[in-house]
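J.: Submitted below is the structure of interest, expressed as structure tokens.
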Amino acid sequence: MLRRLARAATPQQRVFWARRSGSLAEIPTYVVDLRSDTVTKPGPAMRRAMAEAVVGDDDYGEDPTVRDLQATAAELLGVERTLFVPTNTMANLISVMCHCRRRGSQLLLGRECHLHVYEQGGVAQIAGVHSHPLPDLPHGTLDLAELERLVTRGLGSPYHPVCELICLENTHSSSGGRVLPMEYLRQVHLLARRYGVRVHLDGARLMNAAVALGVPPARIVEHCDSVSLCFSKGLGAPVGALVGGPKDFIEEAWRLRKALGGGMRQAGVLAAAALVGLADAEEMLQRDHQNAQRFARGLQELASPVCSVDPAAVETNMVMVRVDGLPPEELCRRLQAMSADEVAQTGHAVRLLLFPWTEHSVRAVWHRDVSAQDTELALGKWAFVLRTLGLG
């Protein structure tokens with residue numbers, strides 16, 4: 001399904017050692033970091049590709065490895081051109097600025113989507129674009145009737161902002177890595193075309209969505225006018241993202257990248273890592289999804305009154321766990337700590353790092369640095385903490 005460019009070596013087993021103090025001085029400590037898929041470290045093949053990359057001045061368009069990445073990604077996504085940029089936040093901002101040339105134009109998006117919540121309102125403070133958030137449905141989708149009502153409200157009105165862009169996020173991180181259905185994407189695109197509005201896809205985890213659906217990424221992107229793709233999440237590169245779209249769109253994106261300080265020089269060192277990440281994406285992301293599903297089933301089997309999870313909602317590499325009876329921050333603190341009792345009872349010392357997501361939930365994210373063994377250790381750690389709390 002995904003074109004293979006190189007084969008990355010199997011990531012080495014990650015074993016961290018306890019500080020040499022007290023009774024745990026000689027006990028190996030396993031750190032299972034599930035806070036995000038941004039915490040990965042480049043493996044041997046990726047580091048080798050970076051060290052050996054052929055480079056040039058990308059600000060002049062002369063870096064051959066960046067050009068290779070951009071051409072490869074354009075073919076993969078089914079777009080005319082792509083542009084390599086430092087971050088997916090910049091990729092989204094550039095896309096909004098390309099589509100919304102009129103200050104005060106309206107952008108419709110989900111209330112909990114990354115672009116609206118976690119990107120500092122850059123579309124307002126930098127681009128002068130008015131974001132109108134809609135409630136996110138459980139699957140990460142938007143109500144199509146409400147979307148159409150807001151698109152049409154500004155048509156011919158001297159009072160309301162004119163909608164020029166709809167932004168979608170796939171996978172939808174705040175919904176737990178849910179995949180937007182293909183029929184939903186088609187309907188949004190048809191609605192947008194009907195009223196002369198464009199659609200941008202925040203595809204930070206687009207490859208997760210493609211693997212989960214079993215379709216080429218281009219099948220998803222064909223319902224959008226532009227797309228972003230992040231290399232430093234599930235694909236495991238240390239930095240980088242891209243913007244994809246038509247030729248004239250990318251030419252304008254190039255100018256905006258320069259204005260935003262995103263022009264890079266010998267960026268082939270970074271593009272080489274992205275190429276390795278793309279090459280083994282299908283295999284690695286499938287493994288991540290399987291580990292996440294195994295963890296969700298195992299947590300459900302614990303049948304704890306304090307933690308609950310819906311395995312059916314685990315579609316990609318994220319598990320959202322509802323927490324009742326204690327603050328999520330306290331649960332995360334206990335999962336990160338370790339004790340001599342843990343070693344005595346389980347034979348392991350495990351630090352499990354999670355992200356307190358909301359007032360009543362924590363989020364666990366799988367990535368290429370987390371193995372099936374790590375997943376089992378994480379389940380064991382969770383069971384031990386629940387027992388010590390008297391809640392297992």
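Chain lettering (A, B, ...) mirrors the order of the structure tokens, residue numbering begins at 1 for each chain separately, and ligand numbering begins at 1 in order of display.
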Hey, which bits of region 178-291 of chain A sit within 7 Å of region 67-90 of chain A, and for each residue what's the closest pair of atoms and how far apart in Å (one decimal), counting only C-alpha atoms, rows by chain and increasing number, as JSON lines?
T.:
{"residue": "A:Ala204", "atom": "CA", "partner": "A:Asn88", "partner_atom": "CA", "distance": 6.5}
{"residue": "A:Pro217", "atom": "CA", "partner": "A:Leu77", "partner_atom": "CA", "distance": 5.5}
{"residue": "A:Ala218", "atom": "CA", "partner": "A:Leu77", "partner_atom": "CA", "distance": 4.3}
{"residue": "A:Val221", "atom": "CA", "partner": "A:Leu77", "partner_atom": "CA", "distance": 6.3}
{"residue": "A:Ser228", "atom": "CA", "partner": "A:Asn88", "partner_atom": "CA", "distance": 6.6}
{"residue": "A:Leu229", "atom": "CA", "partner": "A:Asn88", "partner_atom": "CA", "distance": 6.7}
{"residue": "A:Cys230", "atom": "CA", "partner": "A:Asn88", "partner_atom": "CA", "distance": 5.4}
{"residue": "A:Val239", "atom": "CA", "partner": "A:Pro86", "partner_atom": "CA", "distance": 6.5}
{"residue": "A:Gly240", "atom": "CA", "partner": "A:Pro86", "partner_atom": "CA", "distance": 4.5}
{"residue": "A:Ala241", "atom": "CA", "partner": "A:Thr87", "partner_atom": "CA", "distance": 5.1}
{"residue": "A:Leu242", "atom": "CA", "partner": "A:Phe84", "partner_atom": "CA", "distance": 4.4}
{"residue": "A:Val243", "atom": "CA", "partner": "A:Leu83", "partner_atom": "CA", "distance": 5.2}
{"residue": "A:Gly244", "atom": "CA", "partner": "A:Thr82", "partner_atom": "CA", "distance": 4.2}
{"residue": "A:Gly245", "atom": "CA", "partner": "A:Val79", "partner_atom": "CA", "distance": 5.4}
{"residue": "A:Pro246", "atom": "CA", "partner": "A:Glu80", "partner_atom": "CA", "distance": 5.0}
{"residue": "A:Lys247", "atom": "CA", "partner": "A:Arg81", "partner_atom": "CA", "distance": 5.6}
{"residue": "A:Ile250", "atom": "CA", "partner": "A:Arg81", "partner_atom": "CA", "distance": 6.4}
{"residue": "A:Gly262", "atom": "CA", "partner": "A:Val85", "partner_atom": "CA", "distance": 6.2}
{"residue": "A:Ala271", "atom": "CA", "partner": "A:Leu69", "partner_atom": "CA", "distance": 6.3}
{"residue": "A:Leu275", "atom": "CA", "partner": "A:Leu69", "partner_atom": "CA", "distance": 6.1}
J.: Convert the current residue selection to file output with C-alpha atoms, as a short mmCIF file (atom, residue, chain, number, x, y, z; two decimals), in the first residue's frame.
T.:
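Saved the output as again-v7.cif:
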data_model
loop_
_atom_site.label_atom_id
_atom_site.label_comp_id
_atom_site.auth_asym_id
_atom_site.auth_seq_id
_atom_site.Cartn_x
_atom_site.Cartn_y
_atom_site.Cartn_z
CA ALA A 204 -0.59 15.25 11.38
CA PRO A 217 -3.28 8.15 1.80
CA ALA A 218 -4.24 9.66 -1.56
CA VAL A 221 -6.55 13.46 0.53
CA SER A 228 -0.49 18.78 6.17
CA LEU A 229 1.50 15.74 7.28
CA CYS A 230 3.76 15.49 10.34
CA VAL A 239 11.48 17.11 13.22
CA GLY A 240 9.56 18.15 10.12
CA ALA A 241 6.21 18.28 8.34
CA LEU A 242 4.91 19.21 4.94
CA VAL A 243 2.12 21.05 3.14
CA GLY A 244 0.55 19.48 0.07
CA GLY A 245 -1.72 20.86 -2.63
CA PRO A 246 -1.88 22.25 -6.18
CA LYS A 247 1.17 23.83 -7.82
CA ILE A 250 2.54 25.46 -2.98
CA GLY A 262 10.57 28.53 8.04
CA ALA A 271 14.36 15.19 5.14
CA LEU A 275 12.08 9.44 4.17
#
J.: So that I can check the secondary structure, give me every residue of region 17-175 of chain A assigned strand (DSSP E or B) by backbone DSSP, as an mmCIF file with N, CA and C atoms, in the first residue's frame.
T.:
data_model
loop_
_atom_site.group_PDB
_atom_site.id
_atom_site.type_symbol
_atom_site.label_atom_id
_atom_site.label_comp_id
_atom_site.auth_asym_id
_atom_site.auth_seq_id
_atom_site.Cartn_x
_atom_site.Cartn_y
_atom_site.Cartn_z
ATOM 1 N N TRP A 17 18.138 2.570 33.517
ATOM 2 C CA TRP A 17 18.584 2.021 34.789
ATOM 3 C C TRP A 17 18.225 2.948 35.925
ATOM 4 N N PRO A 28 17.008 -2.905 37.312
ATOM 5 C CA PRO A 28 16.769 -2.209 36.048
ATOM 6 C C PRO A 28 15.357 -1.636 36.007
ATOM 7 N N THR A 29 15.255 -0.405 35.581
ATOM 8 C CA THR A 29 13.965 0.271 35.512
ATOM 9 C C THR A 29 13.533 0.398 34.056
ATOM 10 N N TYR A 30 12.359 -0.085 33.749
ATOM 11 C CA TYR A 30 11.802 0.022 32.407
ATOM 12 C C TYR A 30 10.911 1.259 32.343
ATOM 13 N N VAL A 31 11.246 2.171 31.443
ATOM 14 C CA VAL A 31 10.441 3.371 31.261
ATOM 15 C C VAL A 31 9.581 3.182 30.017
ATOM 16 N N VAL A 32 8.280 3.178 30.203
ATOM 17 C CA VAL A 32 7.343 3.065 29.085
ATOM 18 C C VAL A 32 6.666 4.417 28.944
ATOM 19 N N ASP A 33 7.062 5.170 27.937
ATOM 20 C CA ASP A 33 6.606 6.540 27.761
ATOM 21 C C ASP A 33 5.459 6.575 26.764
ATOM 22 N N ARG A 81 2.070 19.065 -5.681
ATOM 23 C CA ARG A 81 3.327 19.466 -5.056
ATOM 24 C C ARG A 81 3.221 19.356 -3.533
ATOM 25 N N THR A 82 4.371 19.275 -2.883
ATOM 26 C CA THR A 82 4.425 19.405 -1.431
ATOM 27 C C THR A 82 5.589 20.323 -1.075
ATOM 28 N N LEU A 83 5.581 20.803 0.161
ATOM 29 C CA LEU A 83 6.629 21.695 0.655
ATOM 30 C C LEU A 83 7.028 21.264 2.049
ATOM 31 N N PHE A 84 8.315 21.050 2.271
ATOM 32 C CA PHE A 84 8.854 20.639 3.563
ATOM 33 C C PHE A 84 8.957 21.850 4.483
ATOM 34 N N VAL A 85 8.417 21.738 5.687
ATOM 35 C CA VAL A 85 8.428 22.829 6.662
ATOM 36 C C VAL A 85 8.855 22.268 8.023
ATOM 37 N N GLN A 106 -13.748 33.716 7.440
ATOM 38 C CA GLN A 106 -14.117 32.743 8.463
ATOM 39 C C GLN A 106 -13.563 31.362 8.161
ATOM 40 N N LEU A 107 -13.117 30.707 9.238
ATOM 41 C CA LEU A 107 -12.645 29.339 9.195
ATOM 42 C C LEU A 107 -13.532 28.513 10.121
ATOM 43 N N LEU A 108 -14.116 27.434 9.612
ATOM 44 C CA LEU A 108 -14.950 26.540 10.412
ATOM 45 C C LEU A 108 -14.145 25.288 10.759
ATOM 46 N N LEU A 109 -14.236 24.903 12.020
ATOM 47 C CA LEU A 109 -13.457 23.761 12.497
ATOM 48 C C LEU A 109 -14.041 23.230 13.793
ATOM 49 N N GLY A 110 -13.555 22.115 14.272
ATOM 50 C CA GLY A 110 -14.053 21.521 15.502
ATOM 51 C C GLY A 110 -13.535 22.230 16.738
ATOM 52 N N HIS A 130 -10.876 34.610 11.243
ATOM 53 C CA HIS A 130 -11.837 34.403 12.328
ATOM 54 C C HIS A 130 -12.241 32.935 12.367
ATOM 55 N N SER A 131 -11.860 32.252 13.455
ATOM 56 C CA SER A 131 -12.222 30.838 13.612
ATOM 57 C C SER A 131 -13.572 30.720 14.299
ATOM 58 N N HIS A 132 -14.440 29.886 13.740
ATOM 59 C CA HIS A 132 -15.731 29.606 14.370
ATOM 60 C C HIS A 132 -15.760 28.113 14.689
ATOM 61 N N PRO A 133 -15.636 27.745 15.967
ATOM 62 C CA PRO A 133 -15.617 26.315 16.321
ATOM 63 C C PRO A 133 -17.009 25.720 16.422
ATOM 64 N N LEU A 134 -17.146 24.493 15.980
ATOM 65 C CA LEU A 134 -18.378 23.718 16.106
ATOM 66 C C LEU A 134 -18.144 22.581 17.093
ATOM 67 N N CYS A 163 -17.302 32.670 5.064
ATOM 68 C CA CYS A 163 -16.560 31.431 5.259
ATOM 69 C C CYS A 163 -15.768 31.099 3.997
ATOM 70 N N GLU A 164 -14.471 30.904 4.155
ATOM 71 C CA GLU A 164 -13.624 30.532 3.028
ATOM 72 C C GLU A 164 -12.990 29.159 3.184
ATOM 73 N N LEU A 165 -13.027 28.610 4.419
ATOM 74 C CA LEU A 165 -12.274 27.380 4.630
ATOM 75 C C LEU A 165 -12.906 26.539 5.736
ATOM 76 N N ILE A 166 -12.896 25.231 5.524
ATOM 77 C CA ILE A 166 -13.259 24.240 6.543
ATOM 78 C C ILE A 166 -12.001 23.427 6.848
ATOM 79 N N CYS A 167 -11.678 23.284 8.122
ATOM 80 C CA CYS A 167 -10.517 22.485 8.516
ATOM 81 C C CYS A 167 -10.971 21.220 9.232
ATOM 82 N N LEU A 168 -10.449 20.087 8.808
ATOM 83 C CA LEU A 168 -10.716 18.798 9.431
ATOM 84 C C LEU A 168 -9.418 18.240 9.990
ATOM 85 N N GLU A 169 -9.512 17.338 10.950
ATOM 86 C CA GLU A 169 -8.335 16.704 11.540
ATOM 87 C C GLU A 169 -8.491 15.190 11.481
ATOM 88 N N HIS A 172 -8.352 12.217 14.567
ATOM 89 C CA HIS A 172 -8.796 13.265 15.474
ATOM 90 C C HIS A 172 -8.268 12.961 16.873
#
J.: In region 53-104 of chain A, what's helix (DSSP H, G or I) per DSSP? Answer as a tab-separated table (two decimals) with all heavy atoms, in the first residue's frame?
T.:
chain	number	residue	atom	x	y	z
A	58	ASP	N	18.28	24.48	0.72
A	58	ASP	CA	16.86	24.32	0.42
A	58	ASP	C	16.17	25.66	0.23
A	58	ASP	O	15.14	25.73	-0.44
A	58	ASP	CB	16.17	23.53	1.54
A	58	ASP	CG	14.69	23.31	1.27
A	58	ASP	OD1	14.37	22.83	0.16
A	58	ASP	OD2	13.86	23.65	2.13
A	59	ASP	N	16.69	26.73	0.82
A	59	ASP	CA	16.08	28.04	0.62
A	59	ASP	C	16.17	28.48	-0.84
A	59	ASP	O	15.39	29.30	-1.30
A	59	ASP	CB	16.75	29.07	1.53
A	59	ASP	CG	15.79	30.18	1.94
A	59	ASP	OD1	14.64	29.87	2.29
A	59	ASP	OD2	16.20	31.36	1.91
A	60	TYR	N	17.13	27.90	-1.56
A	60	TYR	CA	17.22	28.11	-3.00
A	60	TYR	C	16.56	26.98	-3.78
A	60	TYR	O	16.63	26.95	-5.02
A	60	TYR	CB	18.69	28.20	-3.43
A	60	TYR	CG	19.45	29.39	-2.89
A	60	TYR	CD1	20.82	29.31	-2.69
A	60	TYR	CD2	18.81	30.58	-2.59
A	60	TYR	CE1	21.54	30.39	-2.19
A	60	TYR	CE2	19.51	31.67	-2.10
A	60	TYR	CZ	20.87	31.58	-1.90
A	60	TYR	OH	21.57	32.65	-1.41
A	64	PRO	N	18.89	18.20	-2.66
A	64	PRO	CA	18.36	17.05	-3.39
A	64	PRO	C	17.55	16.10	-2.51
A	64	PRO	O	16.59	15.48	-3.00
A	64	PRO	CB	19.61	16.36	-3.94
A	64	PRO	CG	20.73	16.84	-3.07
A	64	PRO	CD	20.37	18.22	-2.64
A	65	THR	N	17.90	15.97	-1.24
A	65	THR	CA	17.15	15.07	-0.37
A	65	THR	C	15.78	15.65	-0.04
A	65	THR	O	14.78	14.91	0.03
A	65	THR	CB	17.94	14.78	0.92
A	65	THR	OG1	19.26	14.35	0.58
A	65	THR	CG2	17.26	13.70	1.74
A	66	VAL	N	15.71	16.96	0.16
A	66	VAL	CA	14.41	17.60	0.37
A	66	VAL	C	13.55	17.46	-0.88
A	66	VAL	O	12.36	17.15	-0.80
A	66	VAL	CB	14.58	19.09	0.74
A	66	VAL	CG1	13.23	19.80	0.75
A	66	VAL	CG2	15.25	19.22	2.10
A	67	ARG	N	14.16	17.66	-2.05
A	67	ARG	CA	13.38	17.51	-3.29
A	67	ARG	C	12.87	16.08	-3.43
A	67	ARG	O	11.74	15.85	-3.89
A	67	ARG	CB	14.24	17.90	-4.50
A	67	ARG	CG	14.56	19.38	-4.57
A	67	ARG	CD	14.89	19.80	-6.00
A	67	ARG	NE	15.97	18.99	-6.57
A	67	ARG	CZ	17.25	19.33	-6.57
A	67	ARG	NH1	17.63	20.48	-6.01
A	67	ARG	NH2	18.15	18.56	-7.13
A	68	ASP	N	13.70	15.11	-3.07
A	68	ASP	CA	13.28	13.71	-3.13
A	68	ASP	C	12.10	13.46	-2.19
A	68	ASP	O	11.11	12.81	-2.57
A	68	ASP	CB	14.46	12.81	-2.74
A	68	ASP	CG	14.14	11.33	-2.90
A	68	ASP	OD1	13.15	10.99	-3.57
A	68	ASP	OD2	14.90	10.50	-2.35
A	69	LEU	N	12.19	13.98	-0.97
A	69	LEU	CA	11.09	13.82	-0.02
A	69	LEU	C	9.82	14.47	-0.54
A	69	LEU	O	8.73	13.87	-0.47
A	69	LEU	CB	11.48	14.44	1.33
A	69	LEU	CG	10.35	14.52	2.36
A	69	LEU	CD1	9.87	13.12	2.76
A	69	LEU	CD2	10.80	15.31	3.59
A	70	GLN	N	9.92	15.67	-1.07
A	70	GLN	CA	8.73	16.38	-1.54
A	70	GLN	C	8.09	15.66	-2.72
A	70	GLN	O	6.86	15.55	-2.79
A	70	GLN	CB	9.11	17.83	-1.90
A	70	GLN	CG	9.44	18.65	-0.67
A	70	GLN	CD	9.97	20.05	-0.98
A	70	GLN	OE1	10.02	20.91	-0.11
A	70	GLN	NE2	10.38	20.29	-2.21
A	71	ALA	N	8.89	15.13	-3.63
A	71	ALA	CA	8.33	14.40	-4.77
A	71	ALA	C	7.71	13.08	-4.32
A	71	ALA	O	6.62	12.70	-4.78
A	71	ALA	CB	9.44	14.14	-5.80
A	72	THR	N	8.39	12.39	-3.41
A	72	THR	CA	7.86	11.12	-2.90
A	72	THR	C	6.54	11.34	-2.17
A	72	THR	O	5.57	10.59	-2.36
A	72	THR	CB	8.88	10.48	-1.95
A	72	THR	OG1	10.09	10.22	-2.67
A	72	THR	CG2	8.34	9.18	-1.36
A	73	ALA	N	6.49	12.38	-1.34
A	73	ALA	CA	5.28	12.66	-0.58
A	73	ALA	C	4.14	13.11	-1.50
A	73	ALA	O	2.97	12.75	-1.27
A	73	ALA	CB	5.56	13.74	0.46
A	74	ALA	N	4.45	13.87	-2.54
A	74	ALA	CA	3.41	14.30	-3.48
A	74	ALA	C	2.76	13.09	-4.15
A	74	ALA	O	1.52	13.02	-4.30
A	74	ALA	CB	4.00	15.24	-4.52
A	75	GLU	N	3.57	12.11	-4.55
A	75	GLU	CA	3.04	10.89	-5.16
A	75	GLU	C	2.20	10.11	-4.16
A	75	GLU	O	1.11	9.61	-4.48
A	75	GLU	CB	4.18	10.03	-5.69
A	75	GLU	CG	3.72	8.73	-6.33
A	75	GLU	CD	4.88	7.89	-6.81
A	75	GLU	OE1	6.02	8.39	-6.83
A	75	GLU	OE2	4.65	6.71	-7.17
A	76	LEU	N	2.70	10.00	-2.93
A	76	LEU	CA	2.00	9.25	-1.89
A	76	LEU	C	0.65	9.87	-1.57
A	76	LEU	O	-0.35	9.16	-1.36
A	76	LEU	CB	2.87	9.20	-0.63
A	76	LEU	CG	2.37	8.38	0.54
A	76	LEU	CD1	2.40	6.89	0.21
A	76	LEU	CD2	3.21	8.67	1.79
A	77	LEU	N	0.59	11.20	-1.53
A	77	LEU	CA	-0.64	11.91	-1.14
A	77	LEU	C	-1.54	12.22	-2.32
A	77	LEU	O	-2.67	12.68	-2.12
A	77	LEU	CB	-0.27	13.21	-0.42
A	77	LEU	CG	0.55	13.05	0.87
A	77	LEU	CD1	0.92	14.42	1.43
A	77	LEU	CD2	-0.21	12.25	1.90
A	88	ASN	N	4.26	20.86	11.95
A	88	ASN	CA	2.90	20.75	11.43
A	88	ASN	C	2.07	21.98	11.80
A	88	ASN	O	1.13	22.34	11.08
A	88	ASN	CB	2.22	19.49	11.95
A	88	ASN	CG	1.13	19.00	11.02
A	88	ASN	OD1	1.41	18.48	9.95
A	88	ASN	ND2	-0.13	19.19	11.41
A	89	THR	N	2.39	22.63	12.92
A	89	THR	CA	1.70	23.88	13.26
A	89	THR	C	1.95	24.92	12.18
A	89	THR	O	1.03	25.63	11.75
A	89	THR	CB	2.20	24.40	14.63
A	89	THR	OG1	1.78	23.48	15.64
A	89	THR	CG2	1.63	25.77	14.94
A	90	MET	N	3.20	25.02	11.71
A	90	MET	CA	3.48	25.95	10.62
A	90	MET	C	2.78	25.51	9.33
A	90	MET	O	2.27	26.35	8.57
A	90	MET	CB	4.98	26.06	10.38
A	90	MET	CG	5.34	27.06	9.28
A	90	MET	SD	7.12	27.21	8.94
A	90	MET	CE	7.64	28.14	10.38
A	91	ALA	N	2.73	24.20	9.09
A	91	ALA	CA	2.05	23.71	7.89
A	91	ALA	C	0.58	24.11	7.89
A	91	ALA	O	0.04	24.54	6.86
A	91	ALA	CB	2.19	22.19	7.80
A	92	ASN	N	-0.07	23.98	9.03
A	92	ASN	CA	-1.48	24.37	9.12
A	92	ASN	C	-1.66	25.87	8.94
A	92	ASN	O	-2.58	26.33	8.25
A	92	ASN	CB	-2.06	23.93	10.46
A	92	ASN	CG	-2.31	22.44	10.54
A	92	ASN	OD1	-2.49	21.77	9.53
A	92	ASN	ND2	-2.32	21.89	11.75
A	93	LEU	N	-0.80	26.66	9.59
A	93	LEU	CA	-0.91	28.11	9.49
A	93	LEU	C	-0.69	28.58	8.05
A	93	LEU	O	-1.44	29.42	7.53
A	93	LEU	CB	0.10	28.77	10.43
A	93	LEU	CG	0.14	30.30	10.40
A	93	LEU	CD1	-1.21	30.91	10.73
A	93	LEU	CD2	1.22	30.81	11.37
A	94	ILE	N	0.31	28.03	7.40
A	94	ILE	CA	0.56	28.37	6.00
A	94	ILE	C	-0.65	28.04	5.14
A	94	ILE	O	-1.06	28.83	4.27
A	94	ILE	CB	1.81	27.64	5.49
A	94	ILE	CG1	3.08	28.26	6.08
A	94	ILE	CG2	1.88	27.66	3.96
A	94	ILE	CD1	4.35	27.50	5.76
A	95	SER	N	-1.25	26.88	5.37
A	95	SER	CA	-2.41	26.47	4.58
A	95	SER	C	-3.57	27.42	4.76
A	95	SER	O	-4.24	27.82	3.79
A	95	SER	CB	-2.82	25.04	4.96
A	95	SER	OG	-1.78	24.13	4.69
A	96	VAL	N	-3.84	27.80	6.01
A	96	VAL	CA	-4.93	28.75	6.27
A	96	VAL	C	-4.64	30.09	5.58
A	96	VAL	O	-5.52	30.69	4.97
A	96	VAL	CB	-5.13	28.95	7.78
A	96	VAL	CG1	-6.12	30.08	8.05
A	96	VAL	CG2	-5.62	27.65	8.43
A	97	MET	N	-3.40	30.56	5.66
A	97	MET	CA	-3.05	31.84	5.04
A	97	MET	C	-3.15	31.78	3.53
A	97	MET	O	-3.52	32.78	2.89
A	97	MET	CB	-1.65	32.24	5.48
A	97	MET	CG	-1.54	32.56	6.97
A	97	MET	SD	0.16	32.91	7.53
A	97	MET	CE	0.43	34.53	6.79
A	98	CYS	N	-2.83	30.64	2.94
A	98	CYS	CA	-2.97	30.50	1.49
A	98	CYS	C	-4.42	30.54	1.05
A	98	CYS	O	-4.76	31.12	0.00
A	98	CYS	CB	-2.33	29.19	1.03
A	98	CYS	SG	-0.55	29.19	0.93
A	99	HIS	N	-5.29	29.90	1.82
A	99	HIS	CA	-6.70	29.81	1.44
A	99	HIS	C	-7.48	31.08	1.78
A	99	HIS	O	-8.42	31.43	1.07
A	99	HIS	CB	-7.35	28.62	2.15
A	99	HIS	CG	-6.95	27.28	1.63
A	99	HIS	ND1	-7.10	26.92	0.31
A	99	HIS	CD2	-6.41	26.20	2.26
A	99	HIS	CE1	-6.67	25.68	0.14
A	99	HIS	NE2	-6.24	25.22	1.31
J.: Quick one: distance from CA of Thr346 (chain A) to CA of Glu330 (chain A) in Å, one decimal?
T.: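 Between CA of Thr346 (chain A) and CA of Glu330 (chain A) the gap works out to 21.6 Å.
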J.: Find the distance between CA of Thr388 (chain A) and CA of Gly176 (chain A) and write it in Å to one decimal.
T.: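 If I compute the distance from CA of Thr388 (chain A) to CA of Gly176 (chain A), I get 27.9 Å.
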J.: Pick the closest to Asp341 (chain A) from A:Leu201, A:Val321, A:Val385, A:Leu354: which is it, counting only C-alpha atoms?
T.: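 Looking only at the distances to Asp341 (chain A), the closest residue turns out to be A:Val385.
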J.: Would you compute the distance between CA of Ser174 (chain A) and CA of Gly128 (chain A)? Give it in Å to one decimal.
T.: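 Taking CA of Ser174 (chain A) as the start and CA of Gly128 (chain A) as the end point, the length is 25.3 Å.
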J.: Of the candidates A:Val162, A:Met318, A:Ala192, A:Leu206, which one gets nearest to Ser175 (chain A) if we count only C-alpha atoms?
T.: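 Checking each candidate against Ser175 (chain A), we get A:Met318 as the closest.
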J.: Which residue, A:Gln293, A:Gln187, A:Thr38, A:Gln120, has the smallest gap to Ala145 (chain A) when you use only C-alpha atoms?
T.: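 Among the listed residues, the smallest separation from Ala145 (chain A) belongs to A:Gln187.
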J.: Would you write out, as CSV, a table of all residues in region 77-183 of chain A that have an atom no more than 10 Å from an atom of region 310-316 of chain A, listing for each the closest atom pair and the distance in Å to one decimal, considering only C-alpha atoms and ordering rows by chain and rising residue number?
T.:
residue,atom,partner,partner_atom,distance
A:Pro138,CA,A:Ala313,CA,9.5
A:His139,CA,A:Ala313,CA,8.6
A:Thr171,CA,A:Thr316,CA,8.2
A:Ser175,CA,A:Ala313,CA,8.9
A:Gly176,CA,A:Val314,CA,7.1
A:Gly177,CA,A:Thr316,CA,5.8
A:Arg178,CA,A:Glu315,CA,5.8
A:Val179,CA,A:Glu315,CA,6.9
J.: Can you pull out every residue within 9 Å of Pro181 (chain A), counting only C-alpha atoms, but drop anything in the same chain fewer than 3 positions away, and send it as a CSV table (one decimal) with C-alpha atoms, in the first residue's frame?
T.:
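File written: around-v7.csv
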chain,number,residue,atom,x,y,z
A,139,HIS,CA,-16.1,10.3,16.2
A,141,THR,CA,-16.8,14.6,13.0
A,184,TYR,CA,-18.0,11.9,5.8
A,185,LEU,CA,-15.0,13.3,4.0
A,186,ARG,CA,-16.8,13.0,0.7
A,213,LEU,CA,-8.6,2.2,6.9
J.: Between A:Gly122, A:Gly104, A:Gly347, A:Gly268, which residue has the minimum interatomic distance to Ile27 (chain A), considering only C-alpha atoms?
T.: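 Residue with the minimum atom-to-atom distance to Ile27 (chain A): A:Gly347.
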J.: Residues within 12 Å of Gln373 (chain A), please, as a list in words. Count only C-alpha atoms; anything in the same chain fewer than 4 positions from it doesn't count.
T.: Gln13, Arg14, Val15, Tyr30, Val31, Val32, Asn291, Arg294, Phe295, Val350, Asp369, Leu377, Ala378, Leu379 and Gly380 of chain A
J.: Near Leu331 (chain A), counting only C-alpha atoms, which residues have an atom at most 10 Å away, once you skip same-chain residues fewer than 5 positions from it, shown as a PyMOL selection string?
T.: chain A and resi 306-307+323+325-326+336+354+356+361-362+382+385-386+389
